[in-house]
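K.L.:
Supplied structure: input_13.pdb, PDB, C-alpha atoms.
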ATOM      1  CA  MET A   1     -18.746  10.976 -14.486
ATOM      2  CA  GLY A   2     -19.567  12.926 -17.632
ATOM      3  CA  LYS A   3     -17.026  15.643 -16.903
ATOM      4  CA  GLU A   4     -14.778  16.149 -19.892
ATOM      5  CA  GLN A   5     -12.246  18.618 -18.583
ATOM      6  CA  THR A   6      -8.697  18.253 -19.731
ATOM      7  CA  GLY A   7      -7.417  21.630 -18.611
ATOM      8  CA  THR A   8      -5.367  22.359 -15.531
ATOM      9  CA  GLU A   9      -8.463  22.925 -13.382
ATOM     10  CA  GLU A  10      -9.263  19.921 -11.284
ATOM     11  CA  HIS A  11     -11.312  18.920  -8.300
ATOM     12  CA  ILE A  12      -9.546  19.958  -5.086
ATOM     13  CA  VAL A  13     -10.364  17.555  -2.270
ATOM     14  CA  SER A  14     -10.730  19.355   1.048
ATOM     15  CA  TYR A  15      -8.395  18.570   3.948
ATOM     16  CA  SER A  16     -11.373  17.583   6.090
ATOM     17  CA  THR A  17     -12.474  14.911   3.591
ATOM     18  CA  TYR A  18      -8.991  13.398   3.777
ATOM     19  CA  ALA A  19      -9.064  13.650   7.578
ATOM     20  CA  TYR A  20     -12.374  11.751   7.745
ATOM     21  CA  VAL A  21     -11.000   9.035   5.444
ATOM     22  CA  TRP A  22      -7.877   8.834   7.620
ATOM     23  CA  LEU A  23     -10.006   8.462  10.783
ATOM     24  CA  ALA A  24     -12.121   5.763   9.106
ATOM     25  CA  LEU A  25      -8.920   3.902   8.176
ATOM     26  CA  LEU A  26      -7.679   4.008  11.787
ATOM     27  CA  VAL A  27     -11.064   2.786  13.079
ATOM     28  CA  LEU A  28     -10.922  -0.112  10.589
ATOM     29  CA  LEU A  29      -7.369  -0.891  11.741
ATOM     30  CA  GLY A  30      -8.702  -1.140  15.306
ATOM     31  CA  ALA A  31     -11.577  -3.313  14.093
ATOM     32  CA  THR A  32      -9.286  -5.723  12.266
ATOM     33  CA  ILE A  33      -7.036  -6.154  15.334
ATOM     34  CA  ALA A  34     -10.108  -6.698  17.534
ATOM     35  CA  ALA A  35     -11.549  -9.213  15.067
ATOM     36  CA  ALA A  36      -8.295 -11.172  15.112
ATOM     37  CA  ARG A  37      -8.108 -11.289  18.905
ATOM     38  CA  ILE A  38     -11.738 -12.298  19.548
ATOM     39  CA  GLU A  39     -11.184 -15.688  17.860
ATOM     40  CA  PHE A  40     -13.778 -16.130  15.171
ATOM     41  CA  SER A  41     -11.639 -19.098  14.120
ATOM     42  CA  ARG A  42     -12.934 -19.967  10.653
ATOM     43  CA  TYR A  43     -14.290 -16.568   9.767
ATOM     44  CA  SER A  44     -11.582 -14.326  11.231
ATOM     45  CA  VAL A  45      -9.399 -14.630   8.103
ATOM     46  CA  LEU A  46     -12.333 -13.769   5.874
ATOM     47  CA  ILE A  47     -13.334 -10.842   8.106
ATOM     48  CA  ASN A  48      -9.757  -9.529   8.177
ATOM     49  CA  LEU A  49      -9.477  -9.709   4.384
ATOM     50  CA  LEU A  50     -12.849  -7.986   4.013
ATOM     51  CA  ILE A  51     -11.743  -5.160   6.329
ATOM     52  CA  ALA A  52      -8.447  -4.888   4.396
ATOM     53  CA  THR A  53     -10.432  -4.585   1.158
ATOM     54  CA  VAL A  54     -12.643  -1.828   2.604
ATOM     55  CA  LYS A  55      -9.460   0.009   3.697
ATOM     56  CA  ALA A  56      -7.904  -0.435   0.243
ATOM     57  CA  LEU A  57     -11.115   0.845  -1.374
ATOM     58  CA  LEU A  58     -11.092   3.962   0.831
ATOM     59  CA  VAL A  59      -7.493   4.658  -0.220
ATOM     60  CA  VAL A  60      -8.212   4.087  -3.924
ATOM     61  CA  VAL A  61     -11.481   6.046  -4.030
ATOM     62  CA  PHE A  62     -10.421   9.094  -1.996
ATOM     63  CA  PHE A  63      -6.622   9.295  -1.614
ATOM     64  CA  MET A  64      -6.009   8.061  -5.170
ATOM     65  CA  HIS A  65      -8.869  10.222  -6.544
ATOM     66  CA  MET A  66     -10.654   7.351  -8.302
ATOM     67  CA  LYS A  67     -13.945   9.019  -7.318
ATOM     68  CA  TYR A  68     -13.063  11.986  -9.524
ATOM     69  CA  GLU A  69     -11.502  10.099 -12.439
ATOM     70  CA  LYS A  70     -13.071   9.327 -15.800
ATOM     71  CA  ARG A  71     -14.908   6.090 -16.345
ATOM     72  CA  PHE A  72     -12.176   4.895 -18.710
ATOM     73  CA  LEU A  73      -9.478   4.850 -16.026
ATOM     74  CA  ARG A  74     -11.852   3.182 -13.571
ATOM     75  CA  GLY A  75     -12.549   0.530 -16.198
ATOM     76  CA  LEU A  76      -8.812  -0.066 -16.675
ATOM     77  CA  LEU A  77      -8.333  -0.528 -12.930
ATOM     78  CA  ILE A  78     -11.243  -2.979 -12.739
ATOM     79  CA  MET A  79      -9.810  -4.850 -15.728
ATOM     80  CA  SER A  80      -6.414  -5.261 -14.058
ATOM     81  CA  LEU A  81      -8.087  -6.434 -10.836
ATOM     82  CA  LEU A  82     -10.204  -8.931 -12.792
ATOM     83  CA  THR A  83      -7.016 -10.213 -14.455
ATOM     84  CA  LEU A  84      -5.456 -10.810 -11.027
ATOM     85  CA  GLY A  85      -8.740 -12.322  -9.799
ATOM     86  CA  SER A  86      -8.912 -14.793 -12.681
ATOM     87  CA  ILE A  87      -5.254 -15.813 -12.194
ATOM     88  CA  ILE A  88      -6.010 -16.509  -8.511
ATOM     89  CA  ALA A  89      -9.265 -18.343  -9.314
ATOM     90  CA  LEU A  90      -7.677 -20.521 -12.018
ATOM     91  CA  THR A  91      -4.720 -21.423  -9.801
ATOM     92  CA  PHE A  92      -6.971 -22.333  -6.886
ATOM     93  CA  SER A  93      -9.282 -24.394  -9.065
ATOM     94  CA  ASP A  94      -6.164 -26.455  -9.823
ATOM     95  CA  VAL A  95      -4.891 -26.600  -6.217
ATOM     96  CA  TRP A  96      -8.271 -27.533  -4.716
ATOM     97  CA  TYR A  97      -9.047 -30.469  -7.015
ATOM     98  CA  ARG A  98      -5.618 -32.025  -7.056
TER      99      ARG A  98
ATOM    100  CA  MET B   1      11.215  25.900 -17.669
ATOM    101  CA  GLY B   2       8.121  27.909 -17.093
ATOM    102  CA  ASP B   3       7.746  28.360 -20.822
ATOM    103  CA  SER B   4       4.084  28.316 -21.751
ATOM    104  CA  GLU B   5       5.027  26.918 -25.174
ATOM    105  CA  ILE B   6       5.925  23.564 -23.607
ATOM    106  CA  HIS B   7       2.962  21.252 -23.851
ATOM    107  CA  LYS B   8       2.413  18.973 -20.916
ATOM    108  CA  ASP B   9      -0.372  16.429 -20.817
ATOM    109  CA  ARG B  10      -1.224  15.788 -17.203
ATOM    110  CA  MET B  11      -3.753  13.156 -18.242
ATOM    111  CA  ALA B  12      -1.127  11.139 -20.116
ATOM    112  CA  ALA B  13       1.231  11.370 -17.136
ATOM    113  CA  LYS B  14      -1.494  10.069 -14.844
ATOM    114  CA  TYR B  15      -2.376   7.185 -17.165
ATOM    115  CA  GLY B  16       1.331   6.350 -17.332
ATOM    116  CA  ILE B  17       1.681   5.959 -13.574
ATOM    117  CA  TRP B  18      -1.556   3.946 -13.413
ATOM    118  CA  PHE B  19      -0.299   1.541 -16.085
ATOM    119  CA  PHE B  20       2.856   1.101 -14.015
ATOM    120  CA  LEU B  21       0.700   0.442 -10.929
ATOM    121  CA  PHE B  22      -1.268  -2.205 -12.846
ATOM    122  CA  THR B  23       1.986  -4.103 -13.406
ATOM    123  CA  GLU B  24       2.753  -3.679  -9.703
ATOM    124  CA  ILE B  25      -0.675  -5.128  -8.816
ATOM    125  CA  LEU B  26       0.202  -8.272 -10.763
ATOM    126  CA  PHE B  27       3.751  -8.337  -9.346
ATOM    127  CA  PHE B  28       2.577  -8.267  -5.720
ATOM    128  CA  GLY B  29      -0.517 -10.303  -6.655
ATOM    129  CA  GLY B  30       1.725 -13.172  -7.727
ATOM    130  CA  MET B  31       3.387 -13.196  -4.308
ATOM    131  CA  PHE B  32       0.033 -13.022  -2.538
ATOM    132  CA  LEU B  33      -1.113 -15.996  -4.619
ATOM    133  CA  LEU B  34       2.009 -17.944  -3.614
ATOM    134  CA  TYR B  35       1.308 -17.082   0.026
ATOM    135  CA  SER B  36      -2.341 -18.239  -0.285
ATOM    136  CA  ILE B  37      -1.428 -21.634  -1.744
ATOM    137  CA  PHE B  38       1.322 -22.371   0.802
ATOM    138  CA  ARG B  39      -0.991 -21.167   3.544
ATOM    139  CA  TYR B  40      -3.766 -23.455   2.261
ATOM    140  CA  ARG B  41      -1.388 -26.426   2.328
ATOM    141  CA  ASN B  42       0.309 -25.580   5.666
ATOM    142  CA  ALA B  43      -2.463 -23.855   7.644
ATOM    143  CA  GLY B  44      -1.286 -25.159  11.034
ATOM    144  CA  ALA B  45       2.385 -24.284  10.567
ATOM    145  CA  PHE B  46       1.480 -20.777   9.314
ATOM    146  CA  HIS B  47      -0.552 -20.143  12.482
ATOM    147  CA  ILE B  48       2.313 -21.271  14.721
ATOM    148  CA  ALA B  49       4.882 -19.226  12.787
ATOM    149  CA  ALA B  50       2.727 -16.082  12.714
ATOM    150  CA  ALA B  51       2.665 -16.128  16.533
ATOM    151  CA  GLN B  52       6.331 -15.006  16.330
ATOM    152  CA  GLU B  53       5.316 -11.725  14.741
ATOM    153  CA  ASP B  54       5.060  -8.651  16.947
ATOM    154  CA  LEU B  55       1.422  -7.529  16.654
ATOM    155  CA  LEU B  56       2.063  -4.202  18.384
ATOM    156  CA  LEU B  57       4.900  -3.179  16.035
ATOM    157  CA  GLY B  58       2.893  -4.350  13.015
ATOM    158  CA  SER B  59      -0.138  -2.317  14.129
ATOM    159  CA  ILE B  60       1.978   0.787  14.756
ATOM    160  CA  ASN B  61       3.536   0.442  11.311
ATOM    161  CA  THR B  62       0.086   0.163   9.719
ATOM    162  CA  ALA B  63      -1.052   3.343  11.463
ATOM    163  CA  VAL B  64       2.215   5.060  10.419
ATOM    164  CA  LEU B  65       1.707   4.262   6.726
ATOM    165  CA  LEU B  66      -2.007   5.167   6.761
ATOM    166  CA  THR B  67      -1.127   8.529   8.322
ATOM    167  CA  SER B  68       1.652   9.147   5.787
ATOM    168  CA  SER B  69      -0.867   8.522   2.989
ATOM    169  CA  PHE B  70      -3.151  11.141   4.554
ATOM    170  CA  PHE B  71      -0.243  13.626   4.604
ATOM    171  CA  ILE B  72       0.818  13.155   0.960
ATOM    172  CA  ALA B  73      -2.811  13.336  -0.215
ATOM    173  CA  SER B  74      -3.202  16.616   1.687
ATOM    174  CA  ALA B  75       0.102  17.880   0.262
ATOM    175  CA  ILE B  76      -1.392  17.610  -3.248
ATOM    176  CA  SER B  77      -4.470  19.578  -2.159
ATOM    177  CA  ALA B  78      -2.127  22.189  -0.662
ATOM    178  CA  VAL B  79      -0.193  22.554  -3.944
ATOM    179  CA  LYS B  80      -3.430  22.877  -5.914
ATOM    180  CA  ARG B  81      -4.365  25.753  -3.609
ATOM    181  CA  GLY B  82      -0.969  27.377  -4.170
ATOM    182  CA  ASN B  83       0.159  26.739  -0.599
ATOM    183  CA  ASN B  84       3.610  25.318  -1.367
ATOM    184  CA  ARG B  85       4.874  25.975   2.146
ATOM    185  CA  LEU B  86       2.229  23.666   3.669
ATOM    186  CA  ALA B  87       2.840  21.163   0.864
ATOM    187  CA  ILE B  88       6.553  21.009   1.744
ATOM    188  CA  LEU B  89       5.727  20.476   5.423
ATOM    189  CA  LEU B  90       3.259  17.676   4.618
ATOM    190  CA  GLN B  91       5.702  15.962   2.239
ATOM    191  CA  GLY B  92       8.413  16.234   4.892
ATOM    192  CA  LEU B  93       6.100  14.529   7.398
ATOM    193  CA  THR B  94       5.409  11.788   4.827
ATOM    194  CA  VAL B  95       9.148  11.160   4.400
ATOM    195  CA  LEU B  96       9.576  11.163   8.190
ATOM    196  CA  LEU B  97       6.802   8.579   8.679
ATOM    197  CA  GLY B  98       8.205   6.460   5.842
ATOM    198  CA  ALA B  99      11.561   6.474   7.668
ATOM    199  CA  VAL B 100       9.831   5.561  10.957
ATOM    200  CA  PHE B 101       8.213   2.612   9.166
ATOM    201  CA  LEU B 102      11.588   1.357   7.909
ATOM    202  CA  VAL B 103      13.260   1.794  11.320
ATOM    203  CA  ILE B 104      10.490  -0.248  13.009
ATOM    204  CA  LYS B 105      10.813  -2.843  10.230
ATOM    205  CA  TYR B 106      14.566  -2.961  10.861
ATOM    206  CA  PHE B 107      14.013  -3.739  14.567
ATOM    207  CA  GLU B 108      11.449  -6.409  13.700
ATOM    208  CA  TRP B 109      13.835  -8.105  11.280
ATOM    209  CA  MET B 110      16.810  -7.802  13.655
ATOM    210  CA  GLU B 111      14.817  -9.279  16.525
ATOM    211  CA  LYS B 112      14.170 -12.379  14.381
ATOM    212  CA  ILE B 113      17.675 -12.579  12.950
ATOM    213  CA  VAL B 114      19.190 -12.436  16.451
ATOM    214  CA  ARG B 115      17.007 -15.424  17.399
ATOM    215  CA  GLY B 116      18.410 -17.253  14.376
ATOM    216  CA  ILE B 117      15.336 -16.932  12.166
ATOM    217  CA  TYR B 118      16.579 -15.907   8.741
ATOM    218  CA  PRO B 119      16.533 -17.695   5.380
ATOM    219  CA  ASN B 120      18.554 -20.924   5.420
ATOM    220  CA  SER B 121      19.562 -20.516   9.081
ATOM    221  CA  PRO B 122      20.238 -23.690  11.154
ATOM    222  CA  VAL B 123      17.414 -22.754  13.570
ATOM    223  CA  LEU B 124      14.915 -22.259  10.769
ATOM    224  CA  LEU B 125      15.834 -25.469   8.949
ATOM    225  CA  LYS B 126      14.949 -27.495  12.081
ATOM    226  CA  LEU B 127      11.365 -26.197  11.927
ATOM    227  CA  SER B 128       8.598 -27.707   9.806
ATOM    228  CA  SER B 129       8.566 -26.903   6.097
ATOM    229  CA  GLY B 130       5.401 -24.829   6.580
ATOM    230  CA  GLU B 131       7.178 -22.529   9.028
ATOM    231  CA  VAL B 132      10.204 -22.268   6.712
ATOM    232  CA  LEU B 133       7.830 -21.216   3.919
ATOM    233  CA  PHE B 134       6.097 -18.673   6.159
ATOM    234  CA  PHE B 135       9.330 -16.924   7.114
ATOM    235  CA  GLY B 136      10.644 -17.146   3.561
ATOM    236  CA  LEU B 137       7.517 -15.395   2.298
ATOM    237  CA  TYR B 138       7.705 -12.947   5.210
ATOM    238  CA  TYR B 139      11.234 -11.847   4.334
ATOM    239  CA  VAL B 140      10.610 -11.658   0.582
ATOM    240  CA  MET B 141       7.262  -9.845   0.757
ATOM    241  CA  THR B 142       8.072  -7.371   3.544
ATOM    242  CA  GLY B 143      11.544  -6.941   2.008
ATOM    243  CA  ILE B 144      10.242  -6.012  -1.434
ATOM    244  CA  HIS B 145       7.579  -3.848   0.176
ATOM    245  CA  GLY B 146      10.290  -2.162   2.263
ATOM    246  CA  LEU B 147      12.271  -1.519  -0.928
ATOM    247  CA  HIS B 148       9.174   0.191  -2.354
ATOM    248  CA  VAL B 149       8.910   2.343   0.778
ATOM    249  CA  PHE B 150      12.575   3.294   0.400
ATOM    250  CA  ILE B 151      12.081   4.222  -3.275
ATOM    251  CA  GLY B 152       8.984   6.220  -2.268
ATOM    252  CA  ILE B 153      10.949   8.152   0.378
ATOM    253  CA  THR B 154      13.659   8.946  -2.186
ATOM    254  CA  VAL B 155      11.187  10.157  -4.827
ATOM    255  CA  ILE B 156       9.190  12.254  -2.327
ATOM    256  CA  SER B 157      12.454  13.863  -1.175
ATOM    257  CA  PHE B 158      13.009  15.017  -4.766
ATOM    258  CA  MET B 159       9.409  16.308  -4.852
ATOM    259  CA  ILE B 160      10.112  18.410  -1.734
ATOM    260  CA  TYR B 161      13.065  19.943  -3.604
ATOM    261  CA  PHE B 162      10.893  20.565  -6.690
ATOM    262  CA  THR B 163       8.136  22.137  -4.578
ATOM    263  CA  ALA B 164      10.651  24.376  -2.822
ATOM    264  CA  THR B 165      12.299  25.516  -6.074
ATOM    265  CA  GLY B 166       9.001  26.274  -7.800
ATOM    266  CA  ASN B 167       9.205  23.409 -10.288
ATOM    267  CA  ILE B 168       5.954  22.063  -8.843
ATOM    268  CA  THR B 169       3.222  24.701  -8.869
ATOM    269  CA  ARG B 170      -0.568  24.888  -8.703
ATOM    270  CA  LYS B 171      -0.589  24.781 -12.511
ATOM    271  CA  ASP B 172       1.920  21.960 -12.911
ATOM    272  CA  TYR B 173       1.851  19.320 -10.211
ATOM    273  CA  ALA B 174       1.703  16.053 -12.206
ATOM    274  CA  LYS B 175       5.016  14.848 -10.711
ATOM    275  CA  LEU B 176       3.748  15.209  -7.158
ATOM    276  CA  GLU B 177       0.356  13.713  -7.989
ATOM    277  CA  ASN B 178       1.980  10.632  -9.549
ATOM    278  CA  THR B 179       4.373  10.254  -6.614
ATOM    279  CA  GLY B 180       1.324  10.339  -4.334
ATOM    280  CA  LEU B 181      -0.381   7.596  -6.349
ATOM    281  CA  TYR B 182       2.726   5.410  -6.020
ATOM    282  CA  TRP B 183       2.898   6.041  -2.258
ATOM    283  CA  HIS B 184      -0.783   5.141  -1.795
ATOM    284  CA  PHE B 185      -0.237   1.915  -3.715
ATOM    285  CA  VAL B 186       2.632   0.971  -1.385
ATOM    286  CA  ASP B 187       0.255   1.714   1.504
ATOM    287  CA  ILE B 188      -2.401  -0.618   0.035
ATOM    288  CA  VAL B 189       0.136  -3.465  -0.286
ATOM    289  CA  TRP B 190       0.875  -3.095   3.432
ATOM    290  CA  ILE B 191      -2.870  -3.028   4.214
ATOM    291  CA  TYR B 192      -2.982  -6.615   2.879
ATOM    292  CA  LEU B 193       0.411  -7.724   4.256
ATOM    293  CA  PHE B 194      -0.560  -6.757   7.800
ATOM    294  CA  PRO B 195      -3.504  -9.180   8.333
ATOM    295  CA  LEU B 196      -1.759 -11.983   6.406
ATOM    296  CA  PHE B 197       1.423 -11.974   8.503
ATOM    297  CA  TYR B 198       0.353 -10.553  11.867
ATOM    298  CA  LEU B 199      -3.308 -11.435  12.387
ATOM    299  CA  ILE B 200      -3.559 -15.164  11.686
ATOM    300  CA  THR B 201      -2.498 -16.559  15.058
TER     301      THR B 201
END
For this file, produce the structure as structure tokens.
P.N.:
Amino acid sequence: MGKEQTGTEEHIVSYSTYAYVWLALLVLLGATIAAARIEFSRYSVLINLLIATVKALLVVVFFMHMKYEKRFLRGLLIMSLLTLGSIIALTFSDVWYR
Amino acid sequence: MGDSEIHKDRMAAKYGIWFFLFTEILFFGGMFLLYSIFRYRNAGAFHIAAAQEDLLLGSINTAVLLTSSFFIASAISAVKRGNNRLAILLQGLTVLLGAVFLVIKYFEWMEKIVRGIYPNSPVLLKLSSGEVLFFGLYYVMTGIHGLHVFIGITVISFMIYFTATGNITRKDYAKLENTGLYWHFVDIVWIYLFPLFYLIT
């Protein structure tokens, strides 16, 4: 967090860390297919989107190095996601009560 | 080239690619929003239409892209350790998997087109409007995603050349890092496309 390095030295993520993340992603892929086949009916969509979000988070945090980035860049990412979130929320508030 | 006088700001380069990705988030986000509203209004038709999707091919393609992301991430670690040879191999594997993804996508599209399911086709226009919307969104969203994969493959191919010729080194790897970020983003888009088009039957 408080690291203020701007030189060429940077955190090198080990191959094994990436391999674990990759394995976790494949396990989650299996889980999402299983969840869709077991017929949760109402909740299966929600569960699948939750699993997709966990997968996306793993990719962003580890593969895209967000874990090692400065707070500023993390804040920018959250801001852009909140922008998308508010566009979706505002549109749905219109669609639902029409 | 290789002149230590040239000032390069890796941080600025990284912020640049992230700003571009923010616009991409909103670009794809708009299409996901369109999908959600049409899905909300045509839930039944979307379920029927999604049954036409090949779950096995979709699952394989998801695994292919996740693995390619693992390879390009590792390629960056390899470059940072000065192991350009391994980095070239890993980038080559990423390009290969990207091509595999597009070939599978081609067969999926062709299988539908042969059965007469393509935008504005006579077969499709006989179906309910919900199903027409589903396949319209399917072709647009997987098509634009596929275009992104193709662009990614092209850019990574250039990175392989740069890594081989010593343009990308352990001291100067911003190009490769940014290409990786773009590739991971394309992977994340597919992570959401997969459940929305293949897993709602």
K.L.:
Record the distance separating CA of Asn48 (chain A) and CA of Ile113 (chain B), expressed in Å with one decimal.
P.N.:
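Going from CA of Asn48 (chain A) over to CA of Ile113 (chain B) covers 28.0 Å.
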K.L.:
Could you write out as a count of residues only the residues of chain B within 8 Å of chain A, counting only C-alpha atoms?
P.N.:
33
K.L.:
Convert the output of the PyMOL selection byres ((chain B and resi 41-52) around 7) on the shown file into explicit residues, formatted as a PDB file with C-alpha atoms, in the frame of the given file.
P.N.:
ATOM      1  CA  ILE B  37      -1.428 -21.634  -1.744  1.00  0.00           C
ATOM      2  CA  PHE B  38       1.322 -22.371   0.802  1.00  0.00           C
ATOM      3  CA  ARG B  39      -0.991 -21.167   3.544  1.00  0.00           C
ATOM      4  CA  TYR B  40      -3.766 -23.455   2.261  1.00  0.00           C
ATOM      5  CA  GLU B  53       5.316 -11.725  14.741  1.00  0.00           C
ATOM      6  CA  ASP B  54       5.060  -8.651  16.947  1.00  0.00           C
ATOM      7  CA  GLY B 130       5.401 -24.829   6.580  1.00  0.00           C
ATOM      8  CA  GLU B 131       7.178 -22.529   9.028  1.00  0.00           C
ATOM      9  CA  PHE B 134       6.097 -18.673   6.159  1.00  0.00           C
ATOM     10  CA  PHE B 197       1.423 -11.974   8.503  1.00  0.00           C
ATOM     11  CA  TYR B 198       0.353 -10.553  11.867  1.00  0.00           C
ATOM     12  CA  ILE B 200      -3.559 -15.164  11.686  1.00  0.00           C
ATOM     13  CA  THR B 201      -2.498 -16.559  15.058  1.00  0.00           C
TER      14      THR B 201
END
K.L.:
Could you work out how far CA of Leu196 (chain B) lies from CA of Leu65 (chain B), giving the answer in Å with one decimal?
P.N.:
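Separating CA of Leu65 (chain B) from CA of Leu196 (chain B) is a distance of 16.6 Å.
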K.L.:
Could you jot down the CA of Arg71 (chain A) to CA of Ile17 (chain B) separation for me, Å, one decimal place?
P.N.:
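Answer for the CA of Arg71 (chain A) to CA of Ile17 (chain B) separation: 16.8 Å.
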K.L.:
Taking the file as shown, find all residues satisfying the PyMOL selection byres ((chain B and resi 91) around 10) and write them as a PyMOL selection string.
P.N.:
chain B and resi 68-69+71-76+86-90+92-97+153+156-157+159-160+163+176+180
K.L.:
Return the padded bounding box of region 85-104 of chain B as JSON: axis-aligned, built from all atoms listed in the file, 3 Å added on each side, with centre and edge lengths in Å to one decimal.
P.N.:
{"center_x": 7.7, "center_y": 12.9, "center_z": 6.9, "size_x": 17.0, "size_y": 32.2, "size_z": 18.1}
